[in-house]
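With TSV, C-alpha atoms inside, this is work.tsv:
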chain	number	residue	atom	x	y	z
W	1	MET	CA	-128.95	-83.87	-77.66
W	2	ASP	CA	-130.94	-81.22	-75.80
W	3	ALA	CA	-133.83	-82.13	-73.50
W	4	VAL	CA	-136.76	-79.78	-72.91
W	5	ILE	CA	-138.39	-80.68	-69.59
W	6	LEU	CA	-141.80	-79.23	-68.83
W	7	VAL	CA	-142.13	-78.26	-65.17
W	8	GLY	CA	-144.61	-75.40	-65.36
W	9	GLY	CA	-147.77	-76.99	-63.94
W	10	PHE	CA	-149.45	-76.12	-60.66
W	11	GLY	CA	-149.50	-79.70	-59.34
W	12	THR	CA	-153.11	-79.29	-58.25
W	13	ARG	CA	-153.69	-82.97	-57.51
W	14	LEU	CA	-150.71	-83.02	-55.16
W	15	ARG	CA	-151.93	-80.22	-52.90
W	16	PRO	CA	-151.26	-79.33	-50.13
W	17	LEU	CA	-147.72	-80.55	-50.85
W	18	THR	CA	-147.56	-78.18	-53.83
W	19	LEU	CA	-149.22	-75.09	-52.37
W	20	ASN	CA	-145.88	-73.27	-52.43
W	21	THR	CA	-143.59	-75.79	-54.09
W	22	PRO	CA	-143.62	-77.05	-57.70
W	23	LYS	CA	-144.14	-80.81	-57.70
W	24	GLN	CA	-140.81	-81.42	-59.44
W	25	MET	CA	-139.11	-79.88	-56.40
W	26	LEU	CA	-140.72	-82.33	-53.97
W	27	PRO	CA	-138.37	-84.89	-52.44
W	28	VAL	CA	-137.79	-88.22	-54.09
W	29	GLY	CA	-135.53	-90.09	-51.74
W	30	ASN	CA	-132.95	-87.56	-50.68
W	31	LYS	CA	-133.03	-85.58	-53.90
W	32	THR	CA	-135.76	-83.68	-55.68
W	33	MET	CA	-137.97	-85.11	-58.41
W	34	ILE	CA	-136.30	-82.95	-61.06
W	35	GLU	CA	-132.88	-84.22	-60.00
W	36	ALA	CA	-134.10	-87.80	-60.33
W	37	VAL	CA	-135.32	-87.05	-63.88
W	38	VAL	CA	-132.14	-85.25	-64.93
W	39	ASP	CA	-129.84	-87.86	-63.38
W	40	ARG	CA	-131.43	-90.45	-65.67
W	41	LEU	CA	-130.86	-88.24	-68.72
W	42	ALA	CA	-127.27	-87.41	-67.77
W	43	VAL	CA	-126.11	-91.00	-68.27
W	44	GLN	CA	-127.84	-91.24	-71.67
W	45	GLY	CA	-125.98	-88.61	-73.64
W	46	ILE	CA	-128.15	-85.57	-73.01
W	47	THR	CA	-125.85	-82.54	-73.07
W	48	ARG	CA	-128.17	-79.67	-72.13
W	49	VAL	CA	-131.40	-79.39	-70.16
W	50	ILE	CA	-133.94	-76.65	-70.80
W	51	LEU	CA	-136.52	-76.24	-68.06
W	52	GLY	CA	-139.85	-74.85	-69.22
W	53	LEU	CA	-141.00	-73.00	-66.11
W	54	GLY	CA	-144.35	-71.55	-65.12
W	55	TYR	CA	-145.40	-71.97	-61.49
W	56	ARG	CA	-142.86	-70.65	-58.95
W	57	PRO	CA	-139.78	-70.51	-61.22
W	58	ASP	CA	-137.87	-68.90	-58.35
W	59	VAL	CA	-137.88	-72.20	-56.45
W	60	PHE	CA	-135.89	-73.91	-59.20
W	61	MET	CA	-133.53	-70.99	-59.68
W	62	ASP	CA	-132.84	-70.68	-55.97
W	63	ALA	CA	-132.18	-74.42	-55.66
W	64	PHE	CA	-129.81	-74.55	-58.63
W	65	PRO	CA	-128.28	-71.06	-58.87
W	66	ASP	CA	-125.20	-72.28	-60.75
W	67	ASN	CA	-127.39	-73.56	-63.62
W	68	LEU	CA	-126.33	-77.16	-63.08
W	69	ILE	CA	-128.48	-80.16	-62.19
W	70	GLY	CA	-126.79	-83.52	-61.89
W	71	GLY	CA	-123.74	-82.10	-63.64
W	72	LEU	CA	-125.73	-81.03	-66.72
W	73	PRO	CA	-125.97	-77.39	-67.79
W	74	VAL	CA	-129.48	-76.01	-67.37
W	75	GLU	CA	-131.21	-73.10	-69.06
W	76	TYR	CA	-134.32	-71.59	-67.48
W	77	VAL	CA	-137.17	-70.45	-69.71
W	78	VAL	CA	-140.12	-68.85	-67.94
W	79	ASP	CA	-143.38	-68.92	-69.89
W	80	PRO	CA	-144.78	-65.38	-70.20
W	81	GLU	CA	-148.30	-66.80	-69.74
W	82	PRO	CA	-149.84	-70.30	-69.44
W	83	LEU	CA	-148.95	-71.97	-72.76
W	84	ASP	CA	-149.92	-75.63	-72.16
W	85	THR	CA	-147.56	-78.38	-73.30
W	86	ALA	CA	-147.01	-77.60	-77.00
W	87	GLY	CA	-146.88	-73.87	-76.41
W	88	ALA	CA	-144.29	-74.34	-73.67
W	89	VAL	CA	-142.12	-76.60	-75.86
W	90	ARG	CA	-142.33	-74.10	-78.73
W	91	TYR	CA	-141.36	-71.18	-76.51
W	92	ALA	CA	-138.43	-73.06	-74.92
W	93	VAL	CA	-137.05	-74.20	-78.28
W	94	GLN	CA	-137.25	-70.71	-79.73
W	95	GLN	CA	-135.71	-69.04	-76.69
W	96	CYS	CA	-132.78	-71.49	-76.56
W	97	ASN	CA	-132.14	-71.84	-80.29
W	98	VAL	CA	-132.62	-75.61	-80.49
W	99	GLU	CA	-131.73	-76.48	-84.09
W	100	ARG	CA	-131.44	-80.27	-84.10
W	101	THR	CA	-133.34	-83.36	-82.96
W	102	PHE	CA	-134.30	-82.91	-79.32
W	103	LEU	CA	-136.02	-84.67	-76.47
W	104	ALA	CA	-139.14	-83.28	-74.80
W	105	LEU	CA	-140.60	-84.79	-71.66
W	106	ASN	CA	-142.91	-84.20	-68.75
W	107	GLY	CA	-141.00	-83.44	-65.59
W	108	ASP	CA	-143.26	-85.50	-63.33
W	109	VAL	CA	-142.66	-88.83	-65.08
W	110	ILE	CA	-140.24	-91.26	-63.44
W	111	THR	CA	-139.08	-93.96	-65.84
W	112	THR	CA	-136.18	-96.29	-66.56
W	113	LEU	CA	-136.58	-95.68	-70.29
W	114	ASP	CA	-133.38	-95.90	-72.34
W	115	VAL	CA	-133.94	-93.21	-74.96
W	116	ALA	CA	-131.25	-94.44	-77.38
W	117	PRO	CA	-133.46	-97.12	-79.06
W	118	GLN	CA	-136.30	-94.59	-79.26
W	119	VAL	CA	-134.00	-92.10	-81.01
W	120	GLN	CA	-132.76	-94.84	-83.35
W	121	LEU	CA	-136.32	-95.81	-84.34
W	122	HIS	CA	-137.09	-92.12	-84.86
W	123	ARG	CA	-134.17	-91.80	-87.29
W	124	ASP	CA	-134.81	-95.12	-89.02
W	125	ARG	CA	-138.41	-94.09	-89.78
W	126	GLY	CA	-137.56	-90.55	-90.88
W	127	ALA	CA	-139.98	-89.34	-88.21
W	128	LEU	CA	-140.84	-85.82	-87.22
W	129	GLY	CA	-141.92	-87.09	-83.82
W	130	THR	CA	-141.64	-90.37	-81.91
W	131	LEU	CA	-143.55	-91.03	-78.69
W	132	HIS	CA	-142.61	-93.45	-75.96
W	133	LEU	CA	-145.58	-95.77	-75.41
W	134	VAL	CA	-146.11	-98.01	-72.37
W	135	PRO	CA	-148.73	-100.74	-71.89
W	136	VAL	CA	-151.40	-100.54	-69.19
W	137	ASP	CA	-153.83	-103.16	-67.97
W	138	ASP	CA	-156.84	-100.85	-68.13
W	139	PRO	CA	-156.64	-98.48	-71.11
W	140	SER	CA	-160.06	-96.99	-70.30
W	141	ARG	CA	-158.33	-94.60	-67.89
W	142	TYR	CA	-156.02	-93.14	-70.52
W	143	GLY	CA	-155.68	-91.96	-74.09
W	144	VAL	CA	-154.41	-94.92	-76.10
W	145	VAL	CA	-152.22	-94.74	-79.19
W	146	PRO	CA	-152.76	-97.44	-81.84
W	147	THR	CA	-149.89	-98.01	-84.28
W	148	ASP	CA	-149.41	-100.09	-87.45
W	149	GLU	CA	-146.81	-102.79	-88.12
W	150	HIS	CA	-144.27	-100.09	-89.00
W	151	ASP	CA	-144.80	-98.22	-85.72
W	152	LYS	CA	-146.70	-95.38	-87.40
W	153	VAL	CA	-149.23	-93.71	-85.11
W	154	LEU	CA	-152.74	-94.23	-86.48
W	155	GLY	CA	-154.58	-91.94	-84.10
W	156	PHE	CA	-155.45	-91.17	-80.51
W	157	VAL	CA	-158.41	-92.67	-78.67
W	158	GLU	CA	-159.31	-90.99	-75.38
W	159	LYS	CA	-160.45	-93.32	-72.57
W	160	PRO	CA	-161.85	-96.14	-74.73
W	161	ASP	CA	-164.03	-98.91	-73.38
W	162	ARG	CA	-161.75	-101.55	-71.92
W	163	ALA	CA	-163.27	-104.39	-73.95
W	164	THR	CA	-163.07	-102.63	-77.31
W	165	ALA	CA	-159.93	-100.49	-76.93
W	166	PRO	CA	-157.83	-100.57	-80.13
W	167	SER	CA	-154.63	-100.71	-78.09
W	168	ARG	CA	-153.42	-100.87	-74.53
W	169	TRP	CA	-150.36	-98.71	-75.29
W	170	ILE	CA	-150.54	-95.16	-73.97
W	171	ASN	CA	-148.53	-91.99	-74.37
W	172	ALA	CA	-145.81	-92.08	-71.69
W	173	GLY	CA	-144.66	-88.47	-71.92
W	174	THR	CA	-141.20	-88.74	-73.52
W	175	TYR	CA	-140.90	-87.49	-77.09
W	176	VAL	CA	-138.17	-87.32	-79.72
W	177	LEU	CA	-138.92	-84.33	-81.95
W	178	GLU	CA	-137.50	-82.52	-84.94
W	179	PRO	CA	-137.29	-78.72	-84.87
W	180	GLU	CA	-139.74	-78.62	-87.82
W	181	VAL	CA	-142.51	-79.66	-85.40
W	182	ILE	CA	-142.30	-76.20	-83.87
W	183	ASP	CA	-143.58	-74.73	-87.14
W	184	LEU	CA	-146.83	-76.67	-86.64
W	185	ILE	CA	-147.50	-75.04	-83.27
W	186	PRO	CA	-149.29	-71.67	-83.39
W	187	ASP	CA	-148.73	-68.87	-80.90
W	188	GLY	CA	-150.48	-69.09	-77.56
W	189	ARG	CA	-151.85	-71.93	-75.50
W	190	VAL	CA	-151.65	-75.25	-77.38
W	191	SER	CA	-151.77	-78.88	-76.14
W	192	ILE	CA	-149.18	-81.18	-77.66
W	193	GLU	CA	-151.30	-84.24	-76.84
W	194	ARG	CA	-154.68	-83.01	-78.08
W	195	GLU	CA	-153.67	-80.69	-80.93
W	196	THR	CA	-150.09	-81.07	-82.17
W	197	PHE	CA	-149.75	-84.85	-82.18
W	198	PRO	CA	-153.04	-85.53	-84.01
W	199	LEU	CA	-151.98	-82.97	-86.63
W	200	LEU	CA	-148.57	-84.62	-86.89
W	201	ALA	CA	-150.11	-88.10	-87.14
W	202	ALA	CA	-152.14	-86.92	-90.14
W	203	THR	CA	-148.87	-86.28	-91.99
W	204	GLY	CA	-147.81	-89.90	-91.51
W	205	ARG	CA	-144.57	-88.94	-89.78
W	206	LEU	CA	-145.50	-89.57	-86.15
W	207	PHE	CA	-144.34	-92.90	-84.72
W	208	GLY	CA	-144.57	-94.81	-81.47
W	209	TYR	CA	-141.77	-96.57	-79.65
W	210	GLN	CA	-143.32	-99.34	-77.58
W	211	HIS	CA	-141.29	-100.27	-74.53
W	212	ASP	CA	-142.54	-101.80	-71.29
W	213	CYS	CA	-140.22	-100.27	-68.70
W	214	TYR	CA	-140.74	-98.83	-65.25
W	215	TRP	CA	-142.99	-95.78	-65.64
W	216	VAL	CA	-144.96	-93.73	-63.14
W	217	ASP	CA	-146.69	-90.39	-63.63
W	218	ALA	CA	-146.16	-88.86	-60.19
W	219	GLY	CA	-149.21	-86.63	-60.33
W	220	THR	CA	-151.22	-87.89	-57.35
W	221	HIS	CA	-150.50	-88.45	-53.68
W	222	GLN	CA	-150.45	-92.21	-54.18
W	223	THR	CA	-148.20	-92.26	-57.24
W	224	TYR	CA	-145.87	-89.77	-55.59
W	225	LEU	CA	-145.57	-92.05	-52.57
W	226	ASP	CA	-145.15	-95.01	-54.91
W	227	ILE	CA	-142.09	-93.60	-56.66
W	228	ASN	CA	-140.41	-92.99	-53.32
W	229	LEU	CA	-141.07	-96.52	-52.12
W	230	ASP	CA	-140.15	-97.98	-55.52
W	231	LEU	CA	-136.78	-96.24	-55.30
W	232	LEU	CA	-136.35	-97.82	-51.90
W	233	ASN	CA	-137.00	-101.35	-53.19
W	234	GLY	CA	-135.02	-100.99	-56.40
W	235	LYS	CA	-137.84	-100.98	-58.96
W	236	TRP	CA	-136.32	-98.05	-60.86
W	237	GLY	CA	-132.68	-98.54	-60.05
W	238	THR	CA	-130.39	-100.01	-57.46
W	239	ALA	CA	-132.13	-100.39	-54.11
W	240	VAL	CA	-130.84	-97.74	-51.71
W	241	GLN	CA	-130.89	-97.01	-48.01
W	242	MET	CA	-133.55	-94.38	-47.59
W	243	VAL	CA	-133.05	-93.13	-44.05
W	244	SER	CA	-130.91	-90.05	-44.56
W	245	THR	CA	-127.62	-89.97	-42.74
W	246	ASP	CA	-128.54	-86.58	-41.30
W	247	ALA	CA	-131.99	-87.58	-40.13
W	248	THR	CA	-132.35	-88.14	-36.38
W	249	VAL	CA	-133.87	-91.50	-35.42
W	250	ALA	CA	-134.13	-91.88	-31.65
W	251	PRO	CA	-133.55	-95.23	-29.94
W	252	GLY	CA	-136.83	-97.13	-29.92
W	253	ALA	CA	-138.12	-95.55	-33.12
W	254	THR	CA	-138.69	-97.96	-36.01
W	255	VAL	CA	-138.62	-97.42	-39.78
W	256	THR	CA	-140.03	-100.07	-42.11
W	257	GLU	CA	-139.97	-99.76	-45.91
W	258	SER	CA	-140.01	-95.98	-45.69
W	259	VAL	CA	-138.15	-92.88	-46.85
W	260	VAL	CA	-136.94	-90.56	-44.08
W	261	CYS	CA	-135.40	-87.41	-45.54
W	262	HIS	CA	-132.61	-85.15	-44.33
W	263	GLY	CA	-133.15	-83.01	-41.29
W	264	SER	CA	-136.20	-84.95	-40.13
W	265	GLU	CA	-136.58	-86.26	-36.58
W	266	LEU	CA	-138.23	-89.42	-35.26
W	267	SER	CA	-138.74	-89.54	-31.50
W	268	SER	CA	-138.57	-92.60	-29.28
W	269	GLY	CA	-141.38	-95.08	-29.92
W	270	ALA	CA	-142.33	-93.53	-33.28
W	271	SER	CA	-143.22	-96.02	-36.00
W	272	VAL	CA	-142.98	-95.24	-39.73
W	273	VAL	CA	-144.21	-97.89	-42.17
W	274	ARG	CA	-144.39	-97.63	-46.00
W	275	SER	CA	-144.37	-93.86	-45.76
W	276	LEU	CA	-142.47	-90.72	-46.69
W	277	VAL	CA	-141.20	-88.34	-44.04
W	278	SER	CA	-140.08	-85.18	-45.85
W	279	PRO	CA	-137.16	-82.91	-44.91
W	280	ALA	CA	-137.25	-81.17	-41.52
W	281	ALA	CA	-140.44	-82.97	-40.45
W	282	LYS	CA	-140.79	-84.07	-36.81
W	283	VAL	CA	-142.58	-87.21	-35.64
W	284	GLY	CA	-143.28	-87.23	-31.92
W	285	PRO	CA	-142.97	-90.00	-29.34
W	286	ASP	CA	-145.13	-93.09	-29.98
W	287	ALA	CA	-146.68	-91.58	-33.12
W	288	VAL	CA	-147.61	-93.99	-35.93
W	289	ILE	CA	-147.20	-93.19	-39.63
W	290	GLU	CA	-148.45	-95.84	-42.08
W	291	ASP	CA	-148.90	-95.66	-45.88
W	292	SER	CA	-148.86	-91.86	-45.67
W	293	ILE	CA	-146.90	-88.70	-46.50
W	294	ILE	CA	-145.56	-86.20	-43.99
W	295	GLY	CA	-144.71	-82.90	-45.70
W	296	THR	CA	-141.64	-80.73	-45.27
W	297	GLY	CA	-141.45	-79.10	-41.86
W	298	ALA	CA	-144.64	-80.80	-40.62
W	299	ILE	CA	-145.02	-81.85	-36.98
W	300	VAL	CA	-146.77	-85.02	-35.82
W	301	GLY	CA	-147.54	-84.89	-32.11
W	302	ARG	CA	-147.07	-87.52	-29.43
W	303	GLY	CA	-149.22	-90.61	-29.90
W	304	ALA	CA	-150.85	-89.34	-33.12
W	305	ARG	CA	-151.80	-91.76	-35.91
W	306	VAL	CA	-151.44	-90.84	-39.58
W	307	VAL	CA	-152.57	-93.82	-41.64
W	308	ALA	CA	-154.31	-95.15	-44.77
W	309	GLY	CA	-153.02	-92.71	-47.37
W	310	SER	CA	-153.17	-89.57	-45.27
W	311	VAL	CA	-151.18	-86.50	-46.30
W	312	VAL	CA	-149.86	-83.90	-43.87
W	313	GLY	CA	-148.98	-80.73	-45.74
W	314	PRO	CA	-145.80	-78.69	-45.32
W	315	ASN	CA	-145.54	-77.02	-41.90
W	316	ALA	CA	-148.88	-78.49	-40.78
W	317	THR	CA	-149.30	-79.83	-37.24
W	318	VAL	CA	-151.00	-83.06	-36.22
W	319	GLU	CA	-151.99	-82.57	-32.61
W	320	PRO	CA	-150.98	-85.10	-29.93
W	321	GLY	CA	-153.30	-88.11	-30.04
W	322	GLN	CA	-155.02	-86.93	-33.25
W	323	VAL	CA	-155.97	-89.58	-35.81
W	324	LEU	CA	-155.81	-88.98	-39.57
W	325	ASP	CA	-157.31	-91.92	-41.44
W	326	GLY	CA	-157.17	-91.32	-45.18
W	327	THR	CA	-157.24	-87.56	-44.50
W	328	THR	CA	-155.41	-84.57	-45.95
W	329	LEU	CA	-154.30	-81.90	-43.51
W	330	ALA	CA	-152.95	-78.52	-44.63
W	331	ALA	CA	-151.27	-75.91	-42.49
W	332	GLU	CA	-153.54	-73.16	-41.25
W	333	GLU	CA	-153.17	-69.85	-43.02
W	334	PRO	CA	-151.17	-67.32	-40.95

With the file now loaded, output its structure as structure tokens.
Amino acid sequence: MDAVILVGGFGTRLRPLTLNTPKQMLPVGNKTMIEAVVDRLAVQGITRVILGLGYRPDVFMDAFPDNLIGGLPVEYVVDPEPLDTAGAVRYAVQQCNVERTFLALNGDVITTLDVAPQVQLHRDRGALGTLHLVPVDDPSRYGVVPTDEHDKVLGFVEKPDRATAPSRWINAGTYVLEPEVIDLIPDGRVSIERETFPLLAATGRLFGYQHDCYWVDAGTHQTYLDINLDLLNGKWGTAVQMVSTDATVAPGATVTESVVCHGSELSSGASVVRSLVSPAAKVGPDAVIEDSIIGTGAIVGRGARVVAGSVVGPNATVEPGQVLDGTTLAAEEP
């Protein structure tokens, strides 16, 4: 089965981390987010990945010039203009001649979903489309998807009142689709969530696969940090050691429940707690990093404190003794 992965967004909520880097190319552990997504698909029978590109396609192509990610062949499709989700899926399918049931998914969703039961339900119901649905405690923050006793999607309710919500199951961003769905998508910019799926539901051939697995939409600073720390503690796979073997950790530096990526340097007395230190970042002597993100190539000066959800952008500098408390710092323009 082919998988169309949408990676064309600007990652606005993740700035300044995404000012020059697509969010799916940000580090997750010692890989990139897109590698983490594709690795999960590679063990589930996916045979080809199609990346629907928009923002900075060159970054993906430069990183994977042999058209392989995680051992899977990859085809790059660059949207000629912003097409939104349905438009991007349509364009990718047409460009790559997808002629059978395929998977479509958002490239910023990290999940332990096993797609095989979702595909089986899709086939059993004779569906044109089947959405993965996950439960949330507070559906008022999302668009919920009520279904009947046969898993048929009854509609979409955007941000309902928590007390009266018809469901607490939401669209989780992984879809099994038939090529015929493409015929329902007009040319141009079209949303699969707001336009295509409601149209498909009206035909009675859109279904929901309810499965409560690990699922995080890594679209904010906090959720992006969460997926890194969750990888560390084994929530979405086997717990792994997350201080890279080619990071430099000086004697006297301490790392607690944190991800320290390749090429980064921690000086003596530095303390990193529940944080992400991205590749090639440098943390100076006696600096403290807590519950925060240090971007690629950033520098944290001696005795500085970066705490409480702060984000230091790529190549930015935290001056010696400076305190960032819940603050975002971007590099100065040259």

Practice prompt. Can you work out the spacing between CA of Ser244 in chain W and CA of Ser264 in chain W in Å, to one decimal?
Written response: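 Between CA of Ser244 in chain W and CA of Ser264 in chain W the gap is 8.6 Å.
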
Proximity of range 175-263 of chain W to range 288-305 of chain W: per-residue shortest pair, 9 Å limit, only C-alpha atoms, as a Markdown table:
| residue | atom | partner | partner_atom | distance |
| --- | --- | --- | --- | --- |
| W:His221 | CA | W:Ile293 | CA | 8.0 |
| W:Gln222 | CA | W:Ser292 | CA | 8.7 |
| W:Leu225 | CA | W:Ile293 | CA | 7.1 |
| W:Ser258 | CA | W:Asp291 | CA | 8.9 |

Discussion item. Counting only C-alpha atoms, which residues have an atom no more than 9 Å from (-130.9, -86.5, -46.3) in the file's coordinates? Please list them as a PyMOL selection string.
Written reply: chain W and resi 29-31+242-247+260-264+279

Discussion item. Which residue is closest to Ser271 in chain W? Choose from W:Ala86, W:Leu51, W:Val255, W:Val153 and count all atoms listed in the file.
Written reply: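 The answer is W:Val255, which sits nearest to Ser271 in chain W.
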
Fill in: Close residues, Glu180 in chain W itself excluded, 10 Å, only C-alpha atoms, min 5 positions apart in chain, as number ranges by chain
W: 99-101, 128-129, 185

Please produce a file of those selected residues containing C-alpha atoms, as a PDB file, in the frame of the given file.
ATOM      1  CA  GLU W  99    -131.730 -76.480 -84.090  1.00  0.00           C
ATOM      2  CA  ARG W 100    -131.440 -80.270 -84.100  1.00  0.00           C
ATOM      3  CA  THR W 101    -133.340 -83.360 -82.960  1.00  0.00           C
ATOM      4  CA  LEU W 128    -140.840 -85.820 -87.220  1.00  0.00           C
ATOM      5  CA  GLY W 129    -141.920 -87.090 -83.820  1.00  0.00           C
ATOM      6  CA  ILE W 185    -147.500 -75.040 -83.270  1.00  0.00           C
TER       7      ILE W 185
END

Worksheet item: From the list W:Val306, W:Leu103, W:Ile50, W:Val259, which residue is nearest Glu178 in chain W when using all atoms listed in the file?
Response: W:Leu103

Worksheet entry | Given all atoms listed in the file as the counted atoms, nearest of W:Cys96, W:Leu231, W:Met33, W:Ala270 to Pro251 in chain W |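 Checking each of W:Cys96, W:Leu231, W:Met33, W:Ala270 against Pro251 in chain W, counting all atoms listed in the file, the winner is W:Ala270.
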
Discussion item. For Ala331 in chain W, find every residue with an atom within 7 Å (counting only C-alpha atoms), except residues of its own chain fewer than 6 positions away, and show them as an MDAnalysis selection string.
Written reply: chainID W and resid 313:317

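The residue that comes closest to Pro146 in chain W, out of W:Phe10, W:Tyr224, W:Phe207, W:Tyr91 and on the basis of all atoms listed in the file, is W:Phe207.
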
Discussion item. For a quick check of your reading of the model, name the residues lying within 12 Å of the coordinate (-136.6, -69.5, -57.5), counting all atoms listed in the file, and write them as an NGL selection string.
Written reply: :W and (20-22 or 25 or 53-65 or 67 or 76 or 78)

All heavy atoms of range 3-10 of chain W from block above, as a PDB file, in the first residue's frame:
ATOM      1  N   ALA W   3       1.523   5.296   0.848  1.00  0.00           N
ATOM      2  CA  ALA W   3       1.161   6.263   1.882  1.00  0.00           C
ATOM      3  C   ALA W   3       1.508   7.658   1.389  1.00  0.00           C
ATOM      4  O   ALA W   3       2.664   7.934   1.031  1.00  0.00           O
ATOM      5  CB  ALA W   3       1.889   5.981   3.187  1.00  0.00           C
ATOM      6  N   VAL W   4       0.492   8.530   1.341  1.00  0.00           N
ATOM      7  CA  VAL W   4       0.699   9.938   1.015  1.00  0.00           C
ATOM      8  C   VAL W   4       0.821  10.700   2.326  1.00  0.00           C
ATOM      9  O   VAL W   4      -0.110  10.703   3.139  1.00  0.00           O
ATOM     10  CB  VAL W   4      -0.477  10.491   0.189  1.00  0.00           C
ATOM     11  CG1 VAL W   4      -0.286  11.988  -0.058  1.00  0.00           C
ATOM     12  CG2 VAL W   4      -0.611   9.741  -1.125  1.00  0.00           C
ATOM     13  N   ILE W   5       1.966  11.314   2.554  1.00  0.00           N
ATOM     14  CA  ILE W   5       2.212  12.046   3.796  1.00  0.00           C
ATOM     15  C   ILE W   5       2.279  13.530   3.470  1.00  0.00           C
ATOM     16  O   ILE W   5       3.090  13.971   2.646  1.00  0.00           O
ATOM     17  CB  ILE W   5       3.523  11.597   4.468  1.00  0.00           C
ATOM     18  CG1 ILE W   5       3.536  10.083   4.671  1.00  0.00           C
ATOM     19  CG2 ILE W   5       3.694  12.303   5.810  1.00  0.00           C
ATOM     20  CD1 ILE W   5       4.823   9.555   5.292  1.00  0.00           C
ATOM     21  N   LEU W   6       1.427  14.301   4.127  1.00  0.00           N
ATOM     22  CA  LEU W   6       1.370  15.740   3.882  1.00  0.00           C
ATOM     23  C   LEU W   6       2.370  16.469   4.782  1.00  0.00           C
ATOM     24  O   LEU W   6       2.265  16.414   6.008  1.00  0.00           O
ATOM     25  CB  LEU W   6      -0.042  16.259   4.130  1.00  0.00           C
ATOM     26  CG  LEU W   6      -1.146  15.601   3.286  1.00  0.00           C
ATOM     27  CD1 LEU W   6      -2.500  16.223   3.598  1.00  0.00           C
ATOM     28  CD2 LEU W   6      -0.838  15.690   1.795  1.00  0.00           C
ATOM     29  N   VAL W   7       3.325  17.130   4.159  1.00  0.00           N
ATOM     30  CA  VAL W   7       4.375  17.830   4.912  1.00  0.00           C
ATOM     31  C   VAL W   7       4.566  19.242   4.376  1.00  0.00           C
ATOM     32  O   VAL W   7       5.652  19.814   4.490  1.00  0.00           O
ATOM     33  CB  VAL W   7       5.710  17.044   4.868  1.00  0.00           C
ATOM     34  CG1 VAL W   7       5.581  15.724   5.597  1.00  0.00           C
ATOM     35  CG2 VAL W   7       6.163  16.807   3.425  1.00  0.00           C
ATOM     36  N   GLY W   8       3.522  19.828   3.817  1.00  0.00           N
ATOM     37  CA  GLY W   8       3.680  21.095   3.120  1.00  0.00           C
ATOM     38  C   GLY W   8       3.456  22.344   3.938  1.00  0.00           C
ATOM     39  O   GLY W   8       3.667  23.451   3.437  1.00  0.00           O
ATOM     40  N   GLY W   9       3.023  22.203   5.211  1.00  0.00           N
ATOM     41  CA  GLY W   9       2.664  23.378   5.999  1.00  0.00           C
ATOM     42  C   GLY W   9       3.857  24.209   6.444  1.00  0.00           C
ATOM     43  O   GLY W   9       5.005  23.748   6.447  1.00  0.00           O
ATOM     44  N   PHE W  10       3.557  25.435   6.859  1.00  0.00           N
ATOM     45  CA  PHE W  10       4.606  26.359   7.294  1.00  0.00           C
ATOM     46  C   PHE W  10       5.031  26.153   8.744  1.00  0.00           C
ATOM     47  O   PHE W  10       6.036  26.704   9.183  1.00  0.00           O
ATOM     48  CB  PHE W  10       4.132  27.803   7.108  1.00  0.00           C
ATOM     49  CG  PHE W  10       4.022  28.223   5.673  1.00  0.00           C
ATOM     50  CD1 PHE W  10       2.803  28.187   5.015  1.00  0.00           C
ATOM     51  CD2 PHE W  10       5.139  28.641   4.975  1.00  0.00           C
ATOM     52  CE1 PHE W  10       2.702  28.569   3.685  1.00  0.00           C
ATOM     53  CE2 PHE W  10       5.053  29.029   3.642  1.00  0.00           C
ATOM     54  CZ  PHE W  10       3.824  28.987   2.996  1.00  0.00           C
TER      55      PHE W  10
END
